[in-house]
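Notes follow once the structure below has been shown.
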Amino acid sequence: MAASPTPRPNPAESALQALSLPRPLAIAYSGGADSTVLLHAATQRWPGQVHAVHVHHGLQAAADDFERHCVAVCEALGIPLHVVRVDARHAPGDSPEDSARRARYGALAQAAREHGLHAVLLAQHADDQVETLLLALSRGAGLPGLAAMPARFERHGMHFERPLLAVPGVALRTWLRDASVSFIDDPSNADTAFTRNRIRHQLLPALEQAFPQFRETFARSARHAAQAQELLAALAAQDLLGMDGAPAVAPLRELPRARQANLLRHWLRMAHGAAASAAQLEELLDQVAACATRGHRIRIKVADGTIERIGDRLAYSPSV
């Protein structure tokens, strides 16, 4: 009798070996292919120290079925599951994907804190990273966008990790198939009305054919962009420190225009969680350049708020 083939190792296991995180920790578990692979690898790596958090967006008719699947899987694995329901409906003019993502991160962080968990692991992989970079390119993004997704970050007071960014998506699905592990195949992932899905189904196969190593080379470019952005952020923080933490008009005008833009982007992002469009930032820089007297007013809409001159400084007020 022929010997049974040796099962392939879970491709997420080696990625988790390099992680040293305080525990217990959470896996953001949608029930889909990627988070299923990550959940299985994490329970093997840290037995008894892993929880799953499932965010119920309520955006699809099948959302309740997704939850039931996650409950069954976690019961079989013997790990705690925390289900969080969120209202992910988007405001007029807001991106549905961005709105759902913000709601998801907030819910994941809150659930982790409530249950004494110290980190949340996310299952985005190498193909997701390429999609993010291509989306940024399609929108004319600057360095923060071209840096794509960071491997680790803090949000809502919680530490997040993406350990699978070097793992191709096909490796995850191959393991699921070979190991006969069930997962949810979200039908919305096939809807090419979404730009990300068009990239996944139409552009990535063409890149695979033309540039077989594109995942590695694109990821390298994203890392270079991230390193450059770190330097720019450090420079902006240094410039702001010389202005006591908020842009002062006179010293701001002494800087080269590109350095002014870098400082203002950093200030908006770090102090107010806001991002100016390219057109808004150019208009703001023009107003700063024209601000030759103490009586010169500055008032411009930026993101969801307004920047105005108050005394010798710029101040940002979010819309109420």
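A note on labels: chains of the structure tokens are A, B, ... as shown, every chain counts residues from 1, and ligands are counted from 1 in their shown order.
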Inset, instruction - as JSON, numbers by chain, please: all residues of range 24-243 of chain A that backbone DSSP puts in alpha helix (DSSP H). - result: {"A": [33, 34, 35, 36, 37, 38, 39, 40, 41, 42, 43, 44, 45, 63, 64, 65, 66, 67, 68, 69, 70, 71, 72, 73, 74, 75, 76, 77, 96, 97, 98, 99, 100, 101, 102, 103, 104, 105, 106, 107, 108, 109, 110, 111, 112, 113, 114, 126, 127, 128, 129, 130, 131, 132, 133, 134, 135, 136, 137, 138, 143, 144, 145, 146, 169, 170, 171, 172, 173, 174, 175, 176, 177, 178, 179, 195, 196, 197, 198, 204, 205, 206, 207, 208, 209, 210, 214, 215, 216, 217, 218, 219, 220, 221, 222, 223, 224, 225, 226, 227, 228, 229, 230, 231, 232, 233, 234, 235, 236, 237, 238, 239, 240, 241]}
Residues within 12 Å of Ala15 in chain A, only C-alpha atoms, excluding chain neighbours under 2 positions, as a short mmCIF file (atom, residue, chain, number, x, y, z; two decimals) with N, CA, C and O atoms, in the first residue's frame:
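To be explicit, this is the file written out as part_1.cif:
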```cif
data_model
loop_
_atom_site.label_atom_id
_atom_site.label_comp_id
_atom_site.auth_asym_id
_atom_site.auth_seq_id
_atom_site.Cartn_x
_atom_site.Cartn_y
_atom_site.Cartn_z
N PRO A 9 2.71 21.85 5.08
CA PRO A 9 2.60 22.69 6.28
C PRO A 9 1.75 23.92 5.98
O PRO A 9 1.72 24.41 4.85
N ASN A 10 1.08 24.38 6.98
CA ASN A 10 0.31 25.61 6.84
C ASN A 10 1.27 26.75 6.50
O ASN A 10 2.23 27.00 7.23
N PRO A 11 1.06 27.46 5.37
CA PRO A 11 2.03 28.50 4.96
C PRO A 11 2.11 29.68 5.92
O PRO A 11 3.04 30.47 5.85
N ALA A 12 1.12 29.80 6.82
CA ALA A 12 1.16 30.89 7.78
C ALA A 12 2.04 30.56 8.98
O ALA A 12 2.43 31.47 9.73
N GLU A 13 2.37 29.28 9.18
CA GLU A 13 3.10 28.90 10.38
C GLU A 13 4.49 29.53 10.44
O GLU A 13 4.91 30.04 11.48
N GLN A 17 6.22 32.25 13.22
CA GLN A 17 7.38 31.91 14.03
C GLN A 17 8.22 33.14 14.37
O GLN A 17 8.85 33.21 15.42
N ALA A 18 8.23 34.11 13.45
CA ALA A 18 9.06 35.30 13.66
C ALA A 18 8.43 36.31 14.60
O ALA A 18 9.08 37.28 14.98
N LEU A 19 7.16 36.10 14.96
CA LEU A 19 6.46 37.08 15.80
C LEU A 19 6.70 36.82 17.28
O LEU A 19 6.62 35.69 17.74
N SER A 20 6.95 37.89 18.00
CA SER A 20 7.03 37.82 19.45
C SER A 20 6.08 38.87 20.00
O SER A 20 6.40 40.06 20.02
N VAL A 37 -6.91 30.35 7.37
CA VAL A 37 -5.54 29.83 7.43
C VAL A 37 -4.80 30.43 8.62
O VAL A 37 -4.12 29.72 9.38
N LEU A 38 -4.93 31.73 8.81
CA LEU A 38 -4.25 32.40 9.93
C LEU A 38 -4.76 31.88 11.27
O LEU A 38 -3.96 31.65 12.19
N ALA A 41 -3.25 28.42 11.95
CA ALA A 41 -1.83 28.51 12.28
C ALA A 41 -1.61 29.08 13.67
O ALA A 41 -0.75 28.61 14.43
N ALA A 42 -2.38 30.10 14.04
CA ALA A 42 -2.21 30.74 15.34
C ALA A 42 -2.58 29.81 16.49
O ALA A 42 -1.93 29.81 17.53
N ARG A 45 0.30 27.61 16.93
CA ARG A 45 1.49 28.31 17.43
C ARG A 45 1.34 28.67 18.91
O ARG A 45 2.30 28.58 19.68
N LEU A 121 -4.24 40.18 15.02
CA LEU A 121 -3.56 39.74 13.81
C LEU A 121 -4.54 39.78 12.64
O LEU A 121 -5.68 39.29 12.75
N ALA A 123 -5.19 39.15 8.33
CA ALA A 123 -4.78 38.10 7.37
C ALA A 123 -4.48 38.62 5.98
O ALA A 123 -4.42 37.83 5.04
N HIS A 125 -2.53 39.39 2.74
CA HIS A 125 -1.37 38.65 2.23
C HIS A 125 -0.71 39.41 1.09
O HIS A 125 -1.01 40.58 0.83
N ALA A 151 3.31 46.38 7.99
CA ALA A 151 3.24 45.07 8.64
C ALA A 151 2.71 45.18 10.06
O ALA A 151 2.13 44.23 10.58
N GLU A 161 -1.07 43.54 13.71
CA GLU A 161 0.01 42.92 12.94
C GLU A 161 -0.57 42.27 11.69
O GLU A 161 -1.66 41.69 11.72
N ARG A 162 0.19 42.36 10.59
CA ARG A 162 -0.14 41.65 9.34
C ARG A 162 1.01 40.69 9.04
O ARG A 162 1.93 41.02 8.28
N PRO A 163 0.99 39.50 9.57
CA PRO A 163 2.14 38.60 9.41
C PRO A 163 2.23 37.92 8.05
O PRO A 163 3.26 37.30 7.75
N LEU A 164 1.20 38.00 7.21
CA LEU A 164 1.17 37.22 5.96
C LEU A 164 1.50 38.04 4.72
O LEU A 164 1.28 37.57 3.60
N LEU A 165 2.05 39.23 4.86
CA LEU A 165 2.25 40.10 3.71
C LEU A 165 3.25 39.54 2.70
O LEU A 165 3.29 40.00 1.56
N ALA A 166 4.05 38.56 3.08
CA ALA A 166 4.99 37.94 2.13
C ALA A 166 4.45 36.61 1.58
O ALA A 166 5.15 35.95 0.80
N VAL A 167 3.24 36.23 1.97
CA VAL A 167 2.69 34.93 1.57
C VAL A 167 1.69 35.13 0.42
O VAL A 167 0.72 35.86 0.57
N PRO A 168 1.90 34.49 -0.74
CA PRO A 168 0.94 34.63 -1.85
C PRO A 168 -0.42 34.05 -1.49
O PRO A 168 -0.51 33.04 -0.78
#
```
Legend entry - 6 Å contact set for Val83 in chain A, only C-alpha atoms, chain neighbours under 4 positions out, as a list in words: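 Listing them by chain and then by number gives Val53, His54 and Val55 of chain A.
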Show me a table, sorted first by chain and then by increasing residue number, of the residues of range 102-132 of chain A having an atom at most 10 Å from range 196-213 of chain A, each with its shortest atom pair and the distance in Å to one decimal, counting only C-alpha atoms and written as CSV.
```
residue,atom,partner,partner_atom,distance
A:Asp127,CA,A:Arg200,CA,7.9
A:Asp128,CA,A:Arg200,CA,8.5
A:Val130,CA,A:Leu204,CA,8.5
A:Glu131,CA,A:Ile199,CA,6.4
A:Thr132,CA,A:Arg196,CA,8.0
```
Keeping C-alpha atoms, export the residues of the selection given above as a compact mmCIF listing (two decimals), in the first residue's frame.
```txt
# COMPACT_ATOMS: atom_id res chain seq x y z
CA ASP A 127 -1.69 39.75 -3.27
CA ASP A 128 -3.61 42.17 -1.03
CA VAL A 130 -0.04 44.43 -4.49
CA GLU A 131 -3.72 45.40 -4.88
CA THR A 132 -3.27 48.19 -2.32
```
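Look at range 223-233 of chain A: the protein and nucleic acid residues within 7 Å of it, using only C-alpha atoms and passing over chain neighbours fewer than 2 places away, are Leu143, Pro144, Leu146, Ala147, Ala219, Arg220, Ser221, Leu235, Ala236, Ala237, Asn262 and His266 of chain A.
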Legend entry - All strand (DSSP E or B) residues (DSSP, backbone) inside range 203-302 of chain A, as a PyMOL selection string: chain A and resi 248+299-302
Inset, instruction - Compile the contact shell of range 296-301 of chain A as a ChimeraX atom specification: residues with an atom at most 9 Å away, counting only C-alpha atoms, same-chain residues fewer than 2 positions apart removed. - result: /A:276,280,283-284,287-288,290-294,303-310,314
Against range 152-156 of chain A, which residues of range 36-114 of chain A fall within 9 Å? For each one I want the closest pair of atoms and the distance in Å (one decimal), counting only C-alpha atoms, rows by chain and increasing residue number, as CSV.
```
residue,atom,partner,partner_atom,distance
A:Tyr105,CA,A:Arg155,CA,7.6
A:Gly106,CA,A:His156,CA,6.4
A:Ala109,CA,A:His156,CA,6.2
A:Gln110,CA,A:His156,CA,7.8
```
Surrounding residues of Ser182 in chain A excluding itself and chain neighbours under 2 positions, 10 Å, only C-alpha atoms, as an mmCIF file with all heavy atoms, in the first residue's frame:
```cif
data_model
loop_
_atom_site.group_PDB
_atom_site.id
_atom_site.type_symbol
_atom_site.label_atom_id
_atom_site.label_comp_id
_atom_site.auth_asym_id
_atom_site.auth_seq_id
_atom_site.Cartn_x
_atom_site.Cartn_y
_atom_site.Cartn_z
ATOM 1 N N GLY A 31 -14.098 34.356 8.546
ATOM 2 C CA GLY A 31 -14.587 33.079 8.035
ATOM 3 C C GLY A 31 -14.102 32.802 6.630
ATOM 4 O O GLY A 31 -14.274 31.710 6.104
ATOM 5 N N GLY A 32 -13.482 33.820 5.984
ATOM 6 C CA GLY A 32 -12.957 33.657 4.639
ATOM 7 C C GLY A 32 -11.674 32.855 4.616
ATOM 8 O O GLY A 32 -11.136 32.455 5.654
ATOM 9 N N ALA A 33 -11.151 32.635 3.408
ATOM 10 C CA ALA A 33 -9.995 31.763 3.222
ATOM 11 C C ALA A 33 -8.782 32.232 4.014
ATOM 12 O O ALA A 33 -8.163 31.461 4.761
ATOM 13 C CB ALA A 33 -9.665 31.671 1.732
ATOM 14 N N THR A 36 -9.040 32.149 7.807
ATOM 15 C CA THR A 36 -9.142 30.759 8.263
ATOM 16 C C THR A 36 -7.760 30.129 8.375
ATOM 17 O O THR A 36 -7.441 29.455 9.359
ATOM 18 C CB THR A 36 -10.020 29.947 7.297
ATOM 19 O OG1 THR A 36 -11.347 30.479 7.304
ATOM 20 C CG2 THR A 36 -10.074 28.474 7.705
ATOM 21 N N HIS A 69 -21.137 30.158 10.628
ATOM 22 C CA HIS A 69 -19.961 29.380 10.222
ATOM 23 C C HIS A 69 -18.803 29.623 11.196
ATOM 24 O O HIS A 69 -18.134 28.681 11.633
ATOM 25 C CB HIS A 69 -19.542 29.768 8.806
ATOM 26 C CG HIS A 69 -18.224 29.194 8.383
ATOM 27 N ND1 HIS A 69 -18.105 27.942 7.824
ATOM 28 C CD2 HIS A 69 -16.952 29.703 8.453
ATOM 29 C CE1 HIS A 69 -16.825 27.697 7.560
ATOM 30 N NE2 HIS A 69 -16.116 28.753 7.932
ATOM 31 N N VAL A 73 -16.810 26.849 13.567
ATOM 32 C CA VAL A 73 -15.372 26.595 13.434
ATOM 33 C C VAL A 73 -14.667 26.813 14.767
ATOM 34 O O VAL A 73 -13.838 25.994 15.187
ATOM 35 C CB VAL A 73 -14.767 27.507 12.337
ATOM 36 C CG1 VAL A 73 -13.237 27.475 12.394
ATOM 37 C CG2 VAL A 73 -15.263 27.078 10.964
ATOM 38 N N LEU A 176 -5.704 25.178 2.182
ATOM 39 C CA LEU A 176 -7.097 24.907 2.560
ATOM 40 C C LEU A 176 -7.663 23.733 1.768
ATOM 41 O O LEU A 176 -8.342 22.857 2.319
ATOM 42 C CB LEU A 176 -7.957 26.148 2.334
ATOM 43 C CG LEU A 176 -7.735 27.325 3.279
ATOM 44 C CD1 LEU A 176 -8.426 28.574 2.749
ATOM 45 C CD2 LEU A 176 -8.234 26.997 4.679
ATOM 46 N N ARG A 177 -7.382 23.719 0.466
ATOM 47 C CA ARG A 177 -7.893 22.633 -0.373
ATOM 48 C C ARG A 177 -7.261 21.303 0.012
ATOM 49 O O ARG A 177 -7.964 20.301 0.199
ATOM 50 C CB ARG A 177 -7.573 22.941 -1.845
ATOM 51 C CG ARG A 177 -8.114 21.918 -2.837
ATOM 52 C CD ARG A 177 -7.462 22.090 -4.192
ATOM 53 N NE ARG A 177 -6.019 21.834 -4.109
ATOM 54 C CZ ARG A 177 -5.099 22.472 -4.832
ATOM 55 N NH1 ARG A 177 -5.456 23.444 -5.668
ATOM 56 N NH2 ARG A 177 -3.815 22.157 -4.700
ATOM 57 N N ALA A 179 -5.855 20.453 2.794
ATOM 58 C CA ALA A 179 -6.198 20.047 4.164
ATOM 59 C C ALA A 179 -7.694 19.846 4.356
ATOM 60 O O ALA A 179 -8.130 19.486 5.450
ATOM 61 C CB ALA A 179 -5.685 21.096 5.151
ATOM 62 N N SER A 180 -8.483 20.073 3.300
ATOM 63 C CA SER A 180 -9.946 19.934 3.361
ATOM 64 C C SER A 180 -10.546 20.765 4.489
ATOM 65 O O SER A 180 -11.413 20.298 5.242
ATOM 66 C CB SER A 180 -10.340 18.452 3.510
ATOM 67 O OG SER A 180 -9.897 17.707 2.410
ATOM 68 N N ILE A 184 -15.580 30.351 4.119
ATOM 69 C CA ILE A 184 -16.627 31.086 3.410
ATOM 70 C C ILE A 184 -16.023 31.725 2.166
ATOM 71 O O ILE A 184 -14.976 32.383 2.247
ATOM 72 C CB ILE A 184 -17.221 32.192 4.309
ATOM 73 C CG1 ILE A 184 -17.960 31.577 5.491
ATOM 74 C CG2 ILE A 184 -18.147 33.102 3.513
ATOM 75 C CD1 ILE A 184 -18.298 32.593 6.564
ATOM 76 N N ASP A 185 -16.666 31.526 1.045
ATOM 77 C CA ASP A 185 -16.254 32.213 -0.180
ATOM 78 C C ASP A 185 -17.248 33.345 -0.407
ATOM 79 O O ASP A 185 -18.327 33.155 -0.959
ATOM 80 C CB ASP A 185 -16.252 31.241 -1.359
ATOM 81 C CG ASP A 185 -15.358 31.711 -2.493
ATOM 82 O OD1 ASP A 185 -14.843 32.846 -2.383
ATOM 83 O OD2 ASP A 185 -15.180 30.971 -3.463
#
```
